file my_file.cif (mmCIF, C-alpha atoms)
data_work
#
loop_
_atom_site.label_atom_id
_atom_site.label_comp_id
_atom_site.auth_asym_id
_atom_site.auth_seq_id
_atom_site.Cartn_x
_atom_site.Cartn_y
_atom_site.Cartn_z
CA GLY V 1 -1.71 133.21 111.08
CA ALA V 2 -2.23 136.30 108.88
CA VAL V 3 1.26 136.47 107.47
CA VAL V 4 2.13 138.71 104.57
CA SER V 5 5.44 138.37 102.77
CA GLN V 6 7.10 140.90 100.54
CA HIS V 7 9.92 140.38 98.10
CA PRO V 8 12.54 141.65 97.70
CA SER V 9 13.31 143.23 101.07
CA TRP V 10 15.69 145.66 99.43
CA VAL V 11 16.72 146.45 95.89
CA ILE V 12 19.15 148.81 94.21
CA CYS V 13 18.55 149.63 90.56
CA LYS V 14 19.82 152.07 87.97
CA SER V 15 17.84 155.04 86.82
CA GLY V 16 15.56 154.16 83.91
CA THR V 17 15.10 150.51 84.81
CA SER V 18 11.97 148.87 86.19
CA VAL V 19 11.58 147.06 89.48
CA LYS V 20 8.87 144.61 90.52
CA ILE V 21 7.86 144.10 94.15
CA GLU V 22 5.72 141.15 95.19
CA CYS V 23 3.27 141.03 98.07
CA ARG V 24 1.81 137.69 99.13
CA SER V 25 -0.69 136.70 101.77
CA LEU V 26 0.65 133.33 102.91
CA ASP V 27 -2.16 131.86 104.97
CA PHE V 28 -5.28 133.77 104.07
CA GLN V 29 -7.13 135.14 101.09
CA ALA V 30 -7.01 138.85 100.54
CA THR V 31 -9.61 140.49 98.35
CA THR V 32 -8.00 143.85 98.89
CA MET V 33 -4.35 144.80 99.09
CA PHE V 34 -2.92 148.23 99.71
CA TRP V 35 0.39 149.74 98.69
CA TYR V 36 2.00 152.41 100.83
CA ARG V 37 5.31 154.23 100.68
CA GLN V 38 7.28 156.05 103.30
CA PHE V 39 9.84 158.78 102.74
CA PRO V 40 12.35 159.56 105.50
CA LYS V 41 10.79 161.02 108.63
CA GLN V 42 7.34 160.87 107.06
CA SER V 43 4.30 158.72 107.71
CA LEU V 44 3.23 155.76 105.61
CA MET V 45 1.26 157.20 102.70
CA LEU V 46 -1.27 155.22 100.71
CA MET V 47 -0.40 154.92 97.03
CA ALA V 48 -3.12 152.65 95.73
CA THR V 49 -5.82 150.18 96.63
CA SER V 50 -5.89 146.93 94.71
CA ASN V 51 -8.86 144.58 94.48
CA GLU V 52 -8.43 141.10 93.09
CA GLY V 53 -9.39 140.90 89.45
CA SER V 54 -9.96 144.60 88.92
CA LYS V 55 -7.95 147.73 88.24
CA ALA V 56 -6.22 149.43 91.11
CA THR V 57 -7.43 152.74 92.49
CA TYR V 58 -4.64 155.27 92.78
CA GLU V 59 -4.39 158.12 95.25
CA GLN V 60 -4.11 161.66 93.99
CA GLY V 61 -0.62 162.46 92.80
CA VAL V 62 0.39 158.83 92.21
CA GLU V 63 1.02 158.12 88.53
CA LYS V 64 -0.72 154.92 87.52
CA ASP V 65 1.47 154.51 84.44
CA LYS V 66 4.58 154.69 86.56
CA PHE V 67 3.44 152.46 89.41
CA LEU V 68 1.81 149.43 87.81
CA ILE V 69 -0.22 147.28 90.15
CA ASN V 70 -1.44 143.79 89.34
CA HIS V 71 -3.66 141.79 91.69
CA ALA V 72 -4.23 138.63 89.72
CA SER V 73 -5.07 136.29 92.59
CA LEU V 74 -6.36 136.39 96.14
CA THR V 75 -2.87 135.90 97.49
CA LEU V 76 -0.62 137.96 95.25
CA SER V 77 -0.30 141.60 94.29
CA THR V 78 2.66 143.13 92.50
CA LEU V 79 3.89 146.70 92.25
CA THR V 80 6.14 147.55 89.32
CA VAL V 81 8.02 150.82 89.41
CA THR V 82 8.63 151.62 85.76
CA SER V 83 11.50 153.80 84.52
CA ALA V 84 12.63 154.38 88.07
CA HIS V 85 14.30 157.66 89.01
CA PRO V 86 16.24 158.62 92.14
CA GLU V 87 13.18 160.42 93.52
CA ASP V 88 11.37 157.06 93.55
CA SER V 89 13.83 155.85 96.16
CA SER V 90 11.65 155.07 99.15
CA PHE V 91 10.33 152.36 101.42
CA TYR V 92 7.39 150.52 99.86
CA ILE V 93 5.11 148.37 102.00
CA CYS V 94 1.98 146.42 101.26
CA SER V 95 -0.93 145.34 103.41
CA ALA V 96 -3.68 142.82 102.87
CA ARG V 97 -7.21 142.83 104.15
CA TRP V 98 -8.57 139.46 105.06
CA THR V 99 -11.62 138.54 103.02
CA GLN V 100 -13.64 137.55 106.07
CA GLY V 101 -12.31 140.25 108.32
CA LEU V 102 -14.01 143.50 109.09
CA HIS V 103 -11.17 145.84 109.96
CA GLU V 104 -7.90 143.99 110.15
CA GLN V 105 -5.04 144.75 107.81
CA TYR V 106 -1.84 142.75 107.83
CA PHE V 107 1.41 144.19 106.60
CA GLY V 108 4.41 142.84 104.81
CA PRO V 109 7.90 143.77 106.04
CA GLY V 110 8.43 146.31 103.26
CA THR V 111 10.90 146.85 100.44
CA ARG V 112 13.65 149.45 100.48
CA LEU V 113 14.17 150.74 96.92
CA THR V 114 17.26 152.75 96.04
CA VAL V 115 17.56 154.15 92.54
CA THR V 116 21.03 155.27 91.55
CA ILE W 1 -5.40 163.36 103.23
CA LEU W 2 -6.67 162.96 106.80
CA ASN W 3 -4.33 164.37 109.40
CA VAL W 4 -3.23 161.95 112.11
CA GLU W 5 -0.87 163.31 114.74
CA GLN W 6 1.15 161.28 117.19
CA SER W 7 3.07 162.50 120.18
CA PRO W 8 5.68 162.37 121.39
CA GLN W 9 7.83 161.73 118.33
CA SER W 10 10.25 159.69 120.43
CA LEU W 11 10.55 158.51 123.97
CA HIS W 12 13.36 157.00 126.03
CA VAL W 13 12.40 155.30 129.29
CA GLN W 14 14.01 153.01 131.80
CA GLU W 15 12.99 149.40 132.19
CA GLY W 16 10.04 149.19 134.55
CA ASP W 17 8.70 152.66 133.78
CA SER W 18 5.14 153.02 132.54
CA THR W 19 4.54 155.22 129.55
CA ASN W 20 1.83 156.45 127.25
CA PHE W 21 1.49 157.95 123.77
CA THR W 22 -1.19 160.01 122.12
CA CYS W 23 -2.82 159.77 118.73
CA SER W 24 -5.18 162.49 117.50
CA PHE W 25 -7.34 162.11 114.42
CA PRO W 26 -10.32 163.77 112.69
CA SER W 27 -13.47 163.18 114.74
CA SER W 28 -15.80 163.31 111.75
CA ASN W 29 -16.59 160.23 109.62
CA PHE W 30 -14.84 157.92 112.05
CA TYR W 31 -14.69 154.24 111.13
CA ALA W 32 -11.81 152.60 113.00
CA LEU W 33 -8.58 153.37 114.81
CA HIS W 34 -5.64 150.99 114.58
CA TRP W 35 -2.50 150.68 116.68
CA TYR W 36 0.54 148.88 115.30
CA ARG W 37 3.87 147.97 116.81
CA TRP W 38 6.74 148.12 114.29
CA GLU W 39 10.17 146.74 114.92
CA THR W 40 12.96 147.44 112.46
CA ALA W 41 13.13 144.99 109.54
CA LYS W 42 9.85 143.35 110.55
CA SER W 43 6.23 143.73 109.53
CA PRO W 44 4.10 146.13 111.55
CA GLU W 45 2.25 144.02 114.09
CA ALA W 46 -1.40 144.81 114.73
CA LEU W 47 -2.02 145.58 118.40
CA PHE W 48 -5.56 146.89 118.49
CA VAL W 49 -8.45 147.84 116.23
CA MET W 50 -10.94 150.08 117.97
CA THR W 51 -14.26 151.22 116.66
CA LEU W 52 -16.48 152.34 119.53
CA ASN W 53 -16.27 155.55 121.49
CA GLY W 54 -15.08 154.78 125.02
CA ASP W 55 -13.59 151.49 123.94
CA GLU W 56 -10.71 150.16 126.00
CA LYS W 57 -8.59 147.24 124.88
CA LYS W 58 -5.80 145.39 126.62
CA LYS W 59 -3.12 142.97 125.49
CA GLY W 60 -0.77 141.96 128.28
CA ARG W 61 0.95 145.09 129.57
CA ILE W 62 -0.32 147.23 126.69
CA SER W 63 -3.70 148.90 126.67
CA ALA W 64 -5.46 151.54 124.60
CA THR W 65 -8.42 153.85 124.94
CA LEU W 66 -10.51 155.62 122.34
CA ASN W 67 -12.45 158.88 122.30
CA THR W 68 -14.10 159.34 118.91
CA LYS W 69 -16.00 162.49 119.88
CA GLU W 70 -12.87 164.48 120.56
CA GLY W 71 -10.66 162.50 118.21
CA TYR W 72 -7.91 160.95 120.30
CA SER W 73 -6.60 157.61 121.47
CA TYR W 74 -4.04 156.77 124.12
CA LEU W 75 -1.71 153.78 124.17
CA TYR W 76 -0.34 152.75 127.57
CA ILE W 77 2.54 150.43 128.34
CA LYS W 78 2.82 149.31 131.94
CA GLY W 79 6.24 148.31 133.26
CA SER W 80 8.15 148.82 130.01
CA GLN W 81 10.63 146.15 128.99
CA PRO W 82 13.54 146.41 126.51
CA GLU W 83 11.59 144.19 124.11
CA ASP W 84 8.90 146.90 123.96
CA SER W 85 11.37 149.07 122.06
CA ALA W 86 9.77 149.76 118.69
CA THR W 87 7.88 152.37 116.74
CA TYR W 88 4.21 152.55 117.62
CA LEU W 89 1.97 153.60 114.77
CA CYS W 90 -1.57 154.81 114.94
CA ALA W 91 -3.81 154.78 111.86
CA PHE W 92 -7.30 156.05 111.22
CA SER W 93 -9.84 154.98 108.64
CA ASP W 94 -12.97 156.85 107.70
CA HIS W 95 -16.21 155.72 106.17
CA SER W 96 -14.81 155.98 102.67
CA GLY W 97 -13.09 152.64 102.87
CA TYR W 98 -10.52 150.54 104.57
CA ALA W 99 -7.41 152.48 103.60
CA LEU W 100 -5.45 153.65 106.61
CA ASN W 101 -4.17 157.14 107.30
CA PHE W 102 -1.08 156.89 109.44
CA GLY W 103 0.62 159.14 111.92
CA LYS W 104 4.40 159.41 111.87
CA GLY W 105 4.70 157.11 114.85
CA THR W 106 6.23 157.27 118.30
CA SER W 107 9.65 155.69 118.61
CA LEU W 108 10.10 154.05 122.01
CA LEU W 109 13.44 153.01 123.44
CA VAL W 110 13.48 151.09 126.71
CA THR W 111 16.87 150.66 128.30
CA PRO W 112 17.72 148.20 131.08
#
call {"tool": "encode", "arguments": {"input": "my_file.cif", "output": "structure tokens"}}
result
Amino acid sequence: GAVVSQHPSWVICKSGTSVKIECRSLDFQATTMFWYRQFPKQSLMLMATSNEGSKATYEQGVEKDKFLINHASLTLSTLTVTSAHPEDSSFYICSARWTQGLHEQYFGPGTRLTVT
Amino acid sequence: ILNVEQSPQSLHVQEGDSTNFTCSFPSSNFYALHWYRWETAKSPEALFVMTLNGDEKKKGRISATLNTKEGYSYLYIKGSQPEDSATYLCAFSDHSGYALNFGKGTSLLVTP
């Protein structure tokens, strides 16, 4: 149990276009989902916290108008990178916190975004 | 940003060797310490969630200890196997919420 899927696993897009990444909890309900990104040789860094039915909370330095997060249901959150630029190229990964759980977070496999 | 340090950065051991990694984290406002095992192209797999000072957890050949007063946790692997090869991540959460602050990980390679 506690499987989180993420789609796509990798994507290449042109500068100026937008890319949507989906994060789904397959066998549990997730009131909270988190979006992280990882640059080469760096740690996973939290971008935003998303609660179902409410606006996401963004970490300092993360532009909310550039990284649009929608958490419309207990099993789906999406991250849209708008007007992508090469510096947005990174590894994006989501996690979901089980509604009934106290501490556990379950991760998707991540999405490698390359902006050319 | 809460600083989480992991050492060593990478480790190469022979099959059958036992090994251990260190994770250090801020000792104030401690809430939970997580260990994950992350293989390439897969989701990070939760190994342990530890909350109490002195806690020790075990899962097969892997075990972990926690010292919240001094801010460190050790992960031990007994009799390493090639399938243990992965990156081991440690993450800390404070009282402010459930978001995790990650270290950079320890990359383990076990060769036959």
call {"tool": "atom_distance", "arguments": {"input": "my_file.cif", "atom1": "atom CA of W:Asn101", "atom2": "atom CA of W:Lys78"}}
result
26.8 Å
call {"tool": "closest_atom_pairs", "arguments": {"input": "my_file.cif", "of": "chain V", "to": "chain W", "cutoff": "9 Å", "atoms": "only C-alpha atoms", "output": "tab-separated table"}}
result
residue	atom	partner	partner_atom	distance
V:Val4	CA	W:Ser43	CA	8.2
V:Ser5	CA	W:Ser43	CA	8.7
V:Ser9	CA	W:Ala41	CA	8.7
V:Phe34	CA	W:Ala99	CA	7.3
V:Lys41	CA	W:Lys104	CA	7.3
V:Gln42	CA	W:Lys104	CA	5.8
V:Ser43	CA	W:Lys104	CA	4.2
V:Leu44	CA	W:Phe102	CA	5.9
V:Met45	CA	W:Asn101	CA	7.1
V:Leu46	CA	W:Ala99	CA	7.3
V:Ala48	CA	W:Ala99	CA	9.0
V:Thr49	CA	W:Ala99	CA	7.5
V:Ile93	CA	W:Ser43	CA	8.9
V:Arg97	CA	W:Tyr98	CA	8.4
V:His103	CA	W:Val49	CA	7.1
V:Glu104	CA	W:Val49	CA	7.2
V:Gln105	CA	W:Ala46	CA	7.8
V:Tyr106	CA	W:Ala46	CA	7.2
V:Phe107	CA	W:Ser43	CA	5.7
V:Gly108	CA	W:Ser43	CA	5.1
V:Pro109	CA	W:Ser43	CA	3.9
V:Gly110	CA	W:Ser43	CA	7.1
call {"tool": "closest_residue", "arguments": {"input": "my_file.cif", "among": "V:Thr57, V:Thr114, V:Ser90, V:Asn51", "to": "V:Ala30", "atoms": "all atoms listed in the file"}}
result
V:Asn51
call {"tool": "resolve_selection", "arguments": {"input": "my_file.cif", "expression": "the PyMOL selection byres ((chain W and resi 64) around 8)", "output": "PyMOL selection string"}}
result
chain W and resi 48+56-58+62-63+65-66+73-76
call {"tool": "write_last_selection", "arguments": {"input": "my_file.cif", "atoms": "C-alpha atoms", "output": "compact mmCIF listing (two decimals), in the coordinates of the input"}}
result
# COMPACT_ATOMS: atom_id res chain seq x y z
CA PHE W 48 -5.56 146.89 118.49
CA GLU W 56 -10.71 150.16 126.00
CA LYS W 57 -8.59 147.24 124.88
CA LYS W 58 -5.80 145.39 126.62
CA ILE W 62 -0.32 147.23 126.69
CA SER W 63 -3.70 148.90 126.67
CA THR W 65 -8.42 153.85 124.94
CA LEU W 66 -10.51 155.62 122.34
CA SER W 73 -6.60 157.61 121.47
CA TYR W 74 -4.04 156.77 124.12
CA LEU W 75 -1.71 153.78 124.17
CA TYR W 76 -0.34 152.75 127.57
call {"tool": "atom_distance", "arguments": {"input": "my_file.cif", "atom1": "atom CA of W:Gln6", "atom2": "atom CA of V:Glu63"}}
result
28.8 Å
call {"tool": "residues_around", "arguments": {"input": "my_file.cif", "residues": "V:Thr17", "least_positions_apart": "2", "cutoff": "7 Å", "atoms": "all atoms listed in the file", "output": "number ranges by chain"}}
result
V: 13-15, 19, 82-84
call {"tool": "residues_near_point", "arguments": {"input": "my_file.cif", "point": "(11.7, 161.4, 114.7)", "cutoff": "8 Å", "atoms": "all atoms listed in the file", "output": "PyMOL selection string"}}
result
(chain V and resi 41) or (chain W and resi 9-10+106-107)
call {"tool": "atom_distance", "arguments": {"input": "my_file.cif", "atom1": "atom CA of W:Gly16", "atom2": "atom CA of W:Ala86"}}
result
15.9 Å
call {"tool": "closest_residue", "arguments": {"input": "my_file.cif", "among": "W:Gly79, W:Lys69, W:Lys59, W:Leu108", "to": "W:His12", "atoms": "all atoms listed in the file"}}
result
W:Leu108
call {"tool": "resolve_selection", "arguments": {"input": "my_file.cif", "expression": "the PyMOL selection byres ((chain W and resi 30) around 8)", "output": "PyMOL selection string"}}
result
chain W and resi 26-29+31-32+68+92-95
call {"tool": "residues_around", "arguments": {"input": "my_file.cif", "residues": "V:Leu76", "least_positions_apart": "5", "cutoff": "12 Å", "atoms": "only C-alpha atoms", "output": "PyMOL selection string"}}
result
chain V and resi 4-7+21-34+50-53+69-71+94-96+108
call {"tool": "closest_residue", "arguments": {"input": "my_file.cif", "among": "W:Pro112, W:Leu2, W:Tyr72, W:Ile77", "to": "W:Gly60", "atoms": "all atoms listed in the file"}}
result
W:Ile77
call {"tool": "closest_residue", "arguments": {"input": "my_file.cif", "among": "V:His85, V:Arg37, V:Lys55, V:Arg112", "to": "V:Ala72", "atoms": "only C-alpha atoms"}}
result
V:Lys55
call {"tool": "closest_residue", "arguments": {"input": "my_file.cif", "among": "V:Ala56, V:Val62, V:Leu68, V:Ile12", "to": "V:Phe91", "atoms": "all atoms listed in the file"}}
result
V:Ile12
call {"tool": "residues_near_point", "arguments": {"input": "my_file.cif", "point": "(16.8, 153.5, 135.7)", "cutoff": "10 Å", "atoms": "only C-alpha atoms", "output": "NGL selection string"}}
result
:W and (13-17 or 110-112)
call {"tool": "closest_residue", "arguments": {"input": "my_file.cif", "among": "V:Pro8, V:Trp98, V:Thr111, V:Gly16", "to": "V:Lys66", "atoms": "all atoms listed in the file"}}
result
V:Gly16
call {"tool": "decode", "arguments": {"input": "my_file.cif", "residues": "stretch 30-77 of chain W", "atoms": "C-alpha atoms", "output": "mmCIF file, in the first residue's frame"}}
result
data_model
loop_
_atom_site.group_PDB
_atom_site.id
_atom_site.type_symbol
_atom_site.label_atom_id
_atom_site.label_comp_id
_atom_site.auth_asym_id
_atom_site.auth_seq_id
_atom_site.Cartn_x
_atom_site.Cartn_y
_atom_site.Cartn_z
ATOM 1 C CA PHE W 30 12.512 18.331 17.061
ATOM 2 C CA TYR W 31 9.432 16.545 15.750
ATOM 3 C CA ALA W 32 10.521 13.502 13.731
ATOM 4 C CA LEU W 33 13.474 12.020 11.898
ATOM 5 C CA HIS W 34 12.942 10.005 8.732
ATOM 6 C CA TRP W 35 15.229 7.614 6.875
ATOM 7 C CA TYR W 36 14.551 6.786 3.233
ATOM 8 C CA ARG W 37 16.179 4.397 0.815
ATOM 9 C CA TRP W 38 16.230 5.708 -2.771
ATOM 10 C CA GLU W 39 17.101 3.617 -5.764
ATOM 11 C CA THR W 40 17.553 5.265 -9.144
ATOM 12 C CA ALA W 41 14.312 5.731 -11.110
ATOM 13 C CA LYS W 42 12.208 4.613 -8.154
ATOM 14 C CA SER W 43 10.321 6.362 -5.378
ATOM 15 C CA PRO W 44 12.175 6.940 -2.119
ATOM 16 C CA GLU W 45 11.163 4.099 0.179
ATOM 17 C CA ALA W 46 10.445 4.927 3.808
ATOM 18 C CA LEU W 47 12.663 2.919 6.140
ATOM 19 C CA PHE W 48 12.077 4.460 9.544
ATOM 20 C CA VAL W 49 10.281 7.329 11.243
ATOM 21 C CA MET W 50 11.714 8.072 14.656
ATOM 22 C CA THR W 51 10.356 10.467 17.202
ATOM 23 C CA LEU W 52 11.693 9.594 20.655
ATOM 24 C CA ASN W 53 15.147 10.250 22.025
ATOM 25 C CA GLY W 54 16.984 6.944 22.398
ATOM 26 C CA ASP W 55 14.696 5.239 19.924
ATOM 27 C CA GLU W 56 16.110 2.272 18.064
ATOM 28 C CA LYS W 57 14.352 0.712 15.098
ATOM 29 C CA LYS W 58 15.178 -2.361 13.056
ATOM 30 C CA LYS W 59 14.029 -3.701 9.711
ATOM 31 C CA GLY W 60 15.816 -6.873 8.696
ATOM 32 C CA ARG W 61 19.532 -6.109 8.441
ATOM 33 C CA ILE W 62 18.993 -2.352 8.710
ATOM 34 C CA SER W 63 18.678 -0.520 11.994
ATOM 35 C CA ALA W 64 18.710 3.082 13.159
ATOM 36 C CA THR W 65 19.242 4.979 16.375
ATOM 37 C CA LEU W 66 18.212 8.463 17.399
ATOM 38 C CA ASN W 67 19.683 11.050 19.764
ATOM 39 C CA THR W 68 17.494 14.152 19.780
ATOM 40 C CA LYS W 69 19.430 15.929 22.534
ATOM 41 C CA GLU W 70 22.629 16.081 20.530
ATOM 42 C CA GLY W 71 20.936 16.008 17.138
ATOM 43 C CA TYR W 72 22.151 12.897 15.360
ATOM 44 C CA SER W 73 20.933 9.578 14.031
ATOM 45 C CA TYR W 74 22.870 6.566 12.813
ATOM 46 C CA LEU W 75 21.776 4.074 10.181
ATOM 47 C CA TYR W 76 23.435 0.654 10.289
ATOM 48 C CA ILE W 77 23.444 -2.040 7.635
#
